[in-house]
$ cat target_8.pdb   # PDB, C-alpha atoms
ATOM      1  CA  MET A  11       7.976  50.417  40.698
ATOM      2  CA  ALA A  12      10.164  48.525  38.229
ATOM      3  CA  GLN A  13       9.606  44.812  37.986
ATOM      4  CA  THR A  14      11.928  42.013  37.017
ATOM      5  CA  ILE A  15      11.506  41.183  33.356
ATOM      6  CA  ARG A  16      10.740  37.493  32.876
ATOM      7  CA  ILE A  17      12.132  35.841  29.810
ATOM      8  CA  SER A  18      11.764  32.439  28.227
ATOM      9  CA  ARG A  19      13.713  29.489  29.605
ATOM     10  CA  SER A  20      15.358  29.123  26.215
ATOM     11  CA  ASP A  21      17.547  32.150  26.971
ATOM     12  CA  SER A  22      20.738  30.601  28.316
ATOM     13  CA  ARG A  23      22.228  33.967  29.289
ATOM     14  CA  LEU A  24      20.036  34.439  32.354
ATOM     15  CA  PRO A  25      21.895  31.904  34.553
ATOM     16  CA  GLN A  26      25.199  33.508  33.528
ATOM     17  CA  ILE A  27      23.875  36.967  34.356
ATOM     18  CA  LEU A  28      22.576  35.858  37.753
ATOM     19  CA  ASP A  29      25.814  34.032  38.587
ATOM     20  CA  ALA A  30      27.914  37.048  37.631
ATOM     21  CA  ALA A  31      25.673  39.450  39.547
ATOM     22  CA  ALA A  32      25.735  37.245  42.653
ATOM     23  CA  ARG A  33      29.528  36.983  42.506
ATOM     24  CA  LEU A  34      30.023  40.721  41.990
ATOM     25  CA  PHE A  35      27.452  41.737  44.625
ATOM     26  CA  ARG A  36      29.254  39.440  47.078
ATOM     27  CA  GLU A  37      32.765  40.563  46.149
ATOM     28  CA  LYS A  38      32.263  44.309  45.646
ATOM     29  CA  GLY A  39      28.963  44.949  47.393
ATOM     30  CA  TYR A  40      25.707  45.993  45.798
ATOM     31  CA  ALA A  41      26.390  49.743  45.733
ATOM     32  CA  ALA A  42      29.855  49.359  44.189
ATOM     33  CA  THR A  43      28.680  47.009  41.424
ATOM     34  CA  SER A  44      27.341  48.607  38.274
ATOM     35  CA  MET A  45      25.211  47.105  35.546
ATOM     36  CA  ARG A  46      28.209  47.782  33.296
ATOM     37  CA  ASP A  47      30.363  45.555  35.574
ATOM     38  CA  ILE A  48      27.832  42.739  35.352
ATOM     39  CA  ALA A  49      27.480  43.082  31.583
ATOM     40  CA  ALA A  50      31.275  42.972  31.167
ATOM     41  CA  ALA A  51      31.475  39.840  33.327
ATOM     42  CA  VAL A  52      29.184  37.993  30.897
ATOM     43  CA  ASP A  53      30.612  39.611  27.745
ATOM     44  CA  MET A  54      27.413  41.483  27.018
ATOM     45  CA  LEU A  55      26.742  45.060  26.002
ATOM     46  CA  PRO A  56      25.483  47.080  28.983
ATOM     47  CA  GLY A  57      22.257  48.009  27.192
ATOM     48  CA  SER A  58      21.527  44.336  26.524
ATOM     49  CA  LEU A  59      21.367  43.651  30.231
ATOM     50  CA  TYR A  60      18.284  45.878  30.437
ATOM     51  CA  TYR A  61      16.480  43.431  28.155
ATOM     52  CA  HIS A  62      16.533  41.033  31.110
ATOM     53  CA  PHE A  63      16.208  43.459  34.023
ATOM     54  CA  ALA A  64      14.711  46.940  34.021
ATOM     55  CA  ALA A  65      17.004  48.125  36.833
ATOM     56  CA  LYS A  66      19.879  46.940  39.023
ATOM     57  CA  GLU A  67      17.569  46.472  42.007
ATOM     58  CA  ASP A  68      15.456  44.060  39.933
ATOM     59  CA  LEU A  69      18.564  42.017  39.257
ATOM     60  CA  LEU A  70      19.327  42.034  42.992
ATOM     61  CA  VAL A  71      15.820  40.759  43.732
ATOM     62  CA  ALA A  72      16.354  37.912  41.262
ATOM     63  CA  VAL A  73      19.656  37.020  42.976
ATOM     64  CA  TYR A  74      17.907  37.153  46.370
ATOM     65  CA  GLU A  75      15.110  34.929  45.092
ATOM     66  CA  GLU A  76      17.637  32.345  43.969
ATOM     67  CA  GLY A  77      19.607  32.605  47.220
ATOM     68  CA  VAL A  78      16.505  32.177  49.370
ATOM     69  CA  ARG A  79      15.361  29.281  47.179
ATOM     70  CA  LEU A  80      18.712  27.485  47.523
ATOM     71  CA  ILE A  81      18.866  27.910  51.300
ATOM     72  CA  THR A  82      15.202  26.967  51.772
ATOM     73  CA  GLU A  83      15.611  23.806  49.703
ATOM     74  CA  LYS A  84      18.635  22.715  51.749
ATOM     75  CA  VAL A  85      16.906  23.417  55.054
ATOM     76  CA  GLY A  86      13.646  21.784  53.935
ATOM     77  CA  ALA A  87      15.429  18.614  52.849
ATOM     78  CA  ALA A  88      17.378  18.480  56.120
ATOM     79  CA  ILE A  89      14.399  18.885  58.441
ATOM     80  CA  SER A  90      12.237  16.430  56.501
ATOM     81  CA  ARG A  91      14.361  13.592  57.858
ATOM     82  CA  HIS A  92      13.550  14.372  61.500
ATOM     83  CA  GLU A  93      10.503  14.554  63.737
ATOM     84  CA  GLU A  94      11.886  15.561  67.144
ATOM     85  CA  PRO A  95      11.856  19.394  67.469
ATOM     86  CA  TRP A  96      15.453  19.806  68.649
ATOM     87  CA  GLN A  97      16.719  17.484  65.904
ATOM     88  CA  ARG A  98      14.727  19.413  63.313
ATOM     89  CA  LEU A  99      16.173  22.736  64.483
ATOM     90  CA  GLU A 100      19.689  21.300  64.553
ATOM     91  CA  ALA A 101      19.253  19.932  61.029
ATOM     92  CA  ALA A 102      17.984  23.353  59.898
ATOM     93  CA  ALA A 103      20.904  25.169  61.544
ATOM     94  CA  VAL A 104      23.441  22.813  59.967
ATOM     95  CA  ALA A 105      21.811  23.108  56.524
ATOM     96  CA  HIS A 106      21.575  26.904  56.827
ATOM     97  CA  LEU A 107      25.233  27.251  57.740
ATOM     98  CA  GLU A 108      26.395  24.795  55.089
ATOM     99  CA  ALA A 109      24.372  26.677  52.479
ATOM    100  CA  LEU A 110      25.856  29.952  53.634
ATOM    101  CA  LEU A 111      29.466  28.788  53.759
ATOM    102  CA  LYS A 112      29.516  26.168  51.021
ATOM    103  CA  THR A 113      26.869  27.143  48.446
ATOM    104  CA  GLY A 114      28.546  30.407  47.652
ATOM    105  CA  ASP A 115      27.613  33.746  46.225
ATOM    106  CA  TYR A 116      23.810  33.668  46.257
ATOM    107  CA  ALA A 117      23.422  32.824  49.938
ATOM    108  CA  LEU A 118      26.052  35.362  50.938
ATOM    109  CA  VAL A 119      24.292  38.123  49.001
ATOM    110  CA  VAL A 120      21.096  37.383  50.973
ATOM    111  CA  ILE A 121      23.055  37.772  54.225
ATOM    112  CA  ARG A 122      25.269  40.717  53.247
ATOM    113  CA  VAL A 123      22.977  43.025  51.246
ATOM    114  CA  LEU A 124      20.477  44.457  53.689
ATOM    115  CA  PRO A 125      17.051  45.581  52.480
ATOM    116  CA  GLN A 126      17.510  49.072  53.933
ATOM    117  CA  ASP A 127      20.601  49.485  51.761
ATOM    118  CA  VAL A 128      18.431  49.264  48.625
ATOM    119  CA  PRO A 129      15.332  51.396  49.303
ATOM    120  CA  LYS A 130      13.799  50.806  45.857
ATOM    121  CA  ALA A 131      13.780  47.035  46.446
ATOM    122  CA  ALA A 132      13.512  46.964  50.249
ATOM    123  CA  ALA A 133       9.914  45.755  50.426
ATOM    124  CA  ARG A 134      10.586  42.902  48.000
ATOM    125  CA  LEU A 135      13.775  41.876  49.814
ATOM    126  CA  VAL A 136      12.072  41.966  53.211
ATOM    127  CA  LYS A 137       9.266  39.791  51.879
ATOM    128  CA  LEU A 138      11.785  37.201  50.679
ATOM    129  CA  ARG A 139      13.667  37.254  53.985
ATOM    130  CA  ASP A 140      10.459  37.074  56.011
ATOM    131  CA  GLY A 141       9.306  34.031  54.086
ATOM    132  CA  TYR A 142      12.498  32.211  54.992
ATOM    133  CA  ASP A 143      12.479  33.516  58.561
ATOM    134  CA  ARG A 144       9.017  31.983  59.114
ATOM    135  CA  LEU A 145      10.561  28.556  58.632
ATOM    136  CA  PHE A 146      12.874  29.087  61.615
ATOM    137  CA  ALA A 147      10.079  30.725  63.613
ATOM    138  CA  GLU A 148       7.996  27.565  63.180
ATOM    139  CA  LEU A 149      10.914  25.344  64.193
ATOM    140  CA  VAL A 150      11.573  27.402  67.339
ATOM    141  CA  ALA A 151       7.835  27.506  68.158
ATOM    142  CA  ALA A 152       7.819  23.690  68.252
ATOM    143  CA  LEU A 153      10.631  23.459  70.824
ATOM    144  CA  PRO A 154       9.823  22.377  74.394
ATOM    145  CA  LEU A 155      11.190  25.573  75.964
ATOM    146  CA  PRO A 156      10.356  27.061  79.367
ATOM    147  CA  PRO A 157       7.247  29.275  79.146
ATOM    148  CA  GLU A 158       9.195  32.455  79.916
ATOM    149  CA  THR A 159      11.545  31.934  76.943
ATOM    150  CA  ASP A 160      11.470  34.744  74.419
ATOM    151  CA  ARG A 161      11.289  32.603  71.301
ATOM    152  CA  GLN A 162      11.848  35.510  68.953
ATOM    153  CA  SER A 163      15.104  36.420  70.720
ATOM    154  CA  PHE A 164      16.119  32.753  70.726
ATOM    155  CA  ARG A 165      15.585  32.553  66.952
ATOM    156  CA  LEU A 166      17.326  35.846  66.244
ATOM    157  CA  LEU A 167      20.281  34.874  68.421
ATOM    158  CA  LEU A 168      20.688  31.567  66.581
ATOM    159  CA  LEU A 169      20.343  33.049  63.084
ATOM    160  CA  GLY A 170      22.580  35.976  63.986
ATOM    161  CA  ALA A 171      25.339  33.657  65.208
ATOM    162  CA  LEU A 172      25.010  31.435  62.140
ATOM    163  CA  ASN A 173      25.051  34.392  59.743
ATOM    164  CA  TRP A 174      27.974  36.140  61.436
ATOM    165  CA  SER A 175      30.183  33.054  61.017
ATOM    166  CA  GLN A 176      30.717  33.994  57.364
ATOM    167  CA  HIS A 177      33.081  36.716  58.624
ATOM    168  CA  TRP A 178      35.416  34.425  60.524
ATOM    169  CA  PHE A 179      34.942  30.901  59.136
ATOM    170  CA  ARG A 180      37.895  29.417  57.258
ATOM    171  CA  ASP A 181      37.812  26.166  55.288
ATOM    172  CA  SER A 182      41.174  25.353  56.810
ATOM    173  CA  GLY A 183      39.888  25.894  60.353
ATOM    174  CA  ARG A 184      39.388  23.263  63.056
ATOM    175  CA  HIS A 185      35.616  23.028  62.734
ATOM    176  CA  SER A 186      33.296  22.269  59.855
ATOM    177  CA  PRO A 187      30.095  24.246  59.295
ATOM    178  CA  ARG A 188      28.218  21.224  60.677
ATOM    179  CA  ALA A 189      30.266  21.218  63.890
ATOM    180  CA  ILE A 190      29.884  24.982  64.325
ATOM    181  CA  ALA A 191      26.098  24.923  63.858
ATOM    182  CA  ARG A 192      25.732  22.013  66.286
ATOM    183  CA  SER A 193      27.915  23.802  68.832
ATOM    184  CA  PHE A 194      25.830  26.990  68.630
ATOM    185  CA  LEU A 195      22.615  25.048  69.069
ATOM    186  CA  ARG A 196      24.023  22.967  71.932
ATOM    187  CA  LEU A 197      24.973  26.166  73.784
ATOM    188  CA  LEU A 198      21.473  27.592  73.302
ATOM    189  CA  ARG A 199      19.841  24.368  74.392
ATOM    190  CA  GLU A 200      22.002  24.039  77.502
ATOM    191  CA  ALA A 201      21.202  27.636  78.455
ATOM    192  CA  GLN A 202      17.468  26.767  78.365
ATOM    193  CA  GLU A 203      17.921  23.676  80.537
ATOM    194  CA  THR A 204      19.751  25.392  83.412
TER     195      THR A 204
END

$ encode --input "target_8.pdb" --output "structure tokens"
Amino acid sequence: MAQTIRISRSDSRLPQILDAAARLFREKGYAATSMRDIAAAVDMLPGSLYYHFAAKEDLLVAVYEEGVRLITEKVGAAISRHEEPWQRLEAAAVAHLEALLKTGDYALVVIRVLPQDVPKAAARLVKLRDGYDRLFAELVAALPLPPETDRQSFRLLLLGALNWSQHWFRDSGRHSPRAIARSFLRLLREAQET
């Protein structure tokens, strides 16, 4: 299995490569983006890109790592300001949606490129997603829900609604990402209290 090639921090091209790859993977999709496309976007010879990454799937994993890191940092900072379980979950939902809709390319690649679409990197992508998913699983586990509540379905429903919003959200729309996330969570909470 090919591994991402790690290079020294002194190489200033790596952030450019990752930014270009994230943008192109988001715009064109993973399958339709070639290493040649990414190299051209950073004014690099295609062969030079392989100095940094042994294969395109390794570059995708690096983009995923950065996307998961960005989202996790935003969610972690948001929930650290709260102690009450519902407030913590709301803060996480708002931060997740703001990261998805406002942070840009990296977060959208994590949502749009599914592990099963890249078999050579699927295990690594699933591991990254699962690590992030555990954060929401812990938040949902802390909620004072009725005993018969299927917490996994609750979590999947919330994350699915948040993630799907990238298809219909418009900056010019009536609601901000914060308002949308709060609305989704309010609906879920009210459904548990009836």

$ residues_around --input "target_8.pdb" --residues "region 107-113 of chain A" --least-positions-apart "4" --cutoff "9 Å" --atoms "all atoms listed in the file" --output "list in words"
Leu80, Ile81, Lys84, Val85, Ala102, Ala103, Ala117, Leu118, Ile121, Leu172, Asn173, Ser175, Gln176, Phe179, Asp181, Ser186, Pro187, Arg188, Ile190 and Ala191 of chain A

$ closest_residue --input "target_8.pdb" --among "A:Glu37, A:Glu200, A:Glu67, A:Glu148" --to "Pro125 (chain A)" --atoms "all atoms listed in the file"
A:Glu67

$ axis_aligned_box --input "target_8.pdb" --around "region 132-151 of chain A" --padding-each-side "6 Å" --output "lines of an AutoDock Vina configuration file"
center_x = 10.8
center_y = 36.2
center_z = 58.1
size_x = 17.9
size_y = 33.6
size_z = 32.2

$ resolve_selection --input "target_8.pdb" --expression "the PyMOL selection byres ((chain A and resi 51-58) around 9)" --output "tab-separated table (two decimals) with C-alpha atoms, keeping the file's coordinate frame"
chain	number	residue	atom	x	y	z
A	23	ARG	CA	22.23	33.97	29.29
A	26	GLN	CA	25.20	33.51	33.53
A	27	ILE	CA	23.88	36.97	34.36
A	30	ALA	CA	27.91	37.05	37.63
A	31	ALA	CA	25.67	39.45	39.55
A	34	LEU	CA	30.02	40.72	41.99
A	45	MET	CA	25.21	47.10	35.55
A	46	ARG	CA	28.21	47.78	33.30
A	47	ASP	CA	30.36	45.56	35.57
A	48	ILE	CA	27.83	42.74	35.35
A	49	ALA	CA	27.48	43.08	31.58
A	50	ALA	CA	31.28	42.97	31.17
A	59	LEU	CA	21.37	43.65	30.23
A	60	TYR	CA	18.28	45.88	30.44
A	61	TYR	CA	16.48	43.43	28.16
A	62	HIS	CA	16.53	41.03	31.11

$ resolve_selection --input "target_8.pdb" --expression "the PyMOL selection byres ((chain A and resi 32) around 7)" --output "VMD selection string"
chain A and resid 28 to 31 33 to 36 73 115 to 116 119

$ closest_residue --input "target_8.pdb" --among "A:Val120, A:Leu149, A:Ala201, A:Ala171" --to "Glu75 (chain A)" --atoms "all atoms listed in the file"
A:Val120

$ residues_around --input "target_8.pdb" --residues "Leu195 (chain A)" --least-positions-apart "6" --cutoff "9 Å" --atoms "all atoms listed in the file" --output "tab-separated table (two decimals) with C-alpha atoms, in the frame of the given file"
chain	number	residue	atom	x	y	z
A	96	TRP	CA	15.45	19.81	68.65
A	99	LEU	CA	16.17	22.74	64.48
A	100	GLU	CA	19.69	21.30	64.55
A	103	ALA	CA	20.90	25.17	61.54
A	168	LEU	CA	20.69	31.57	66.58
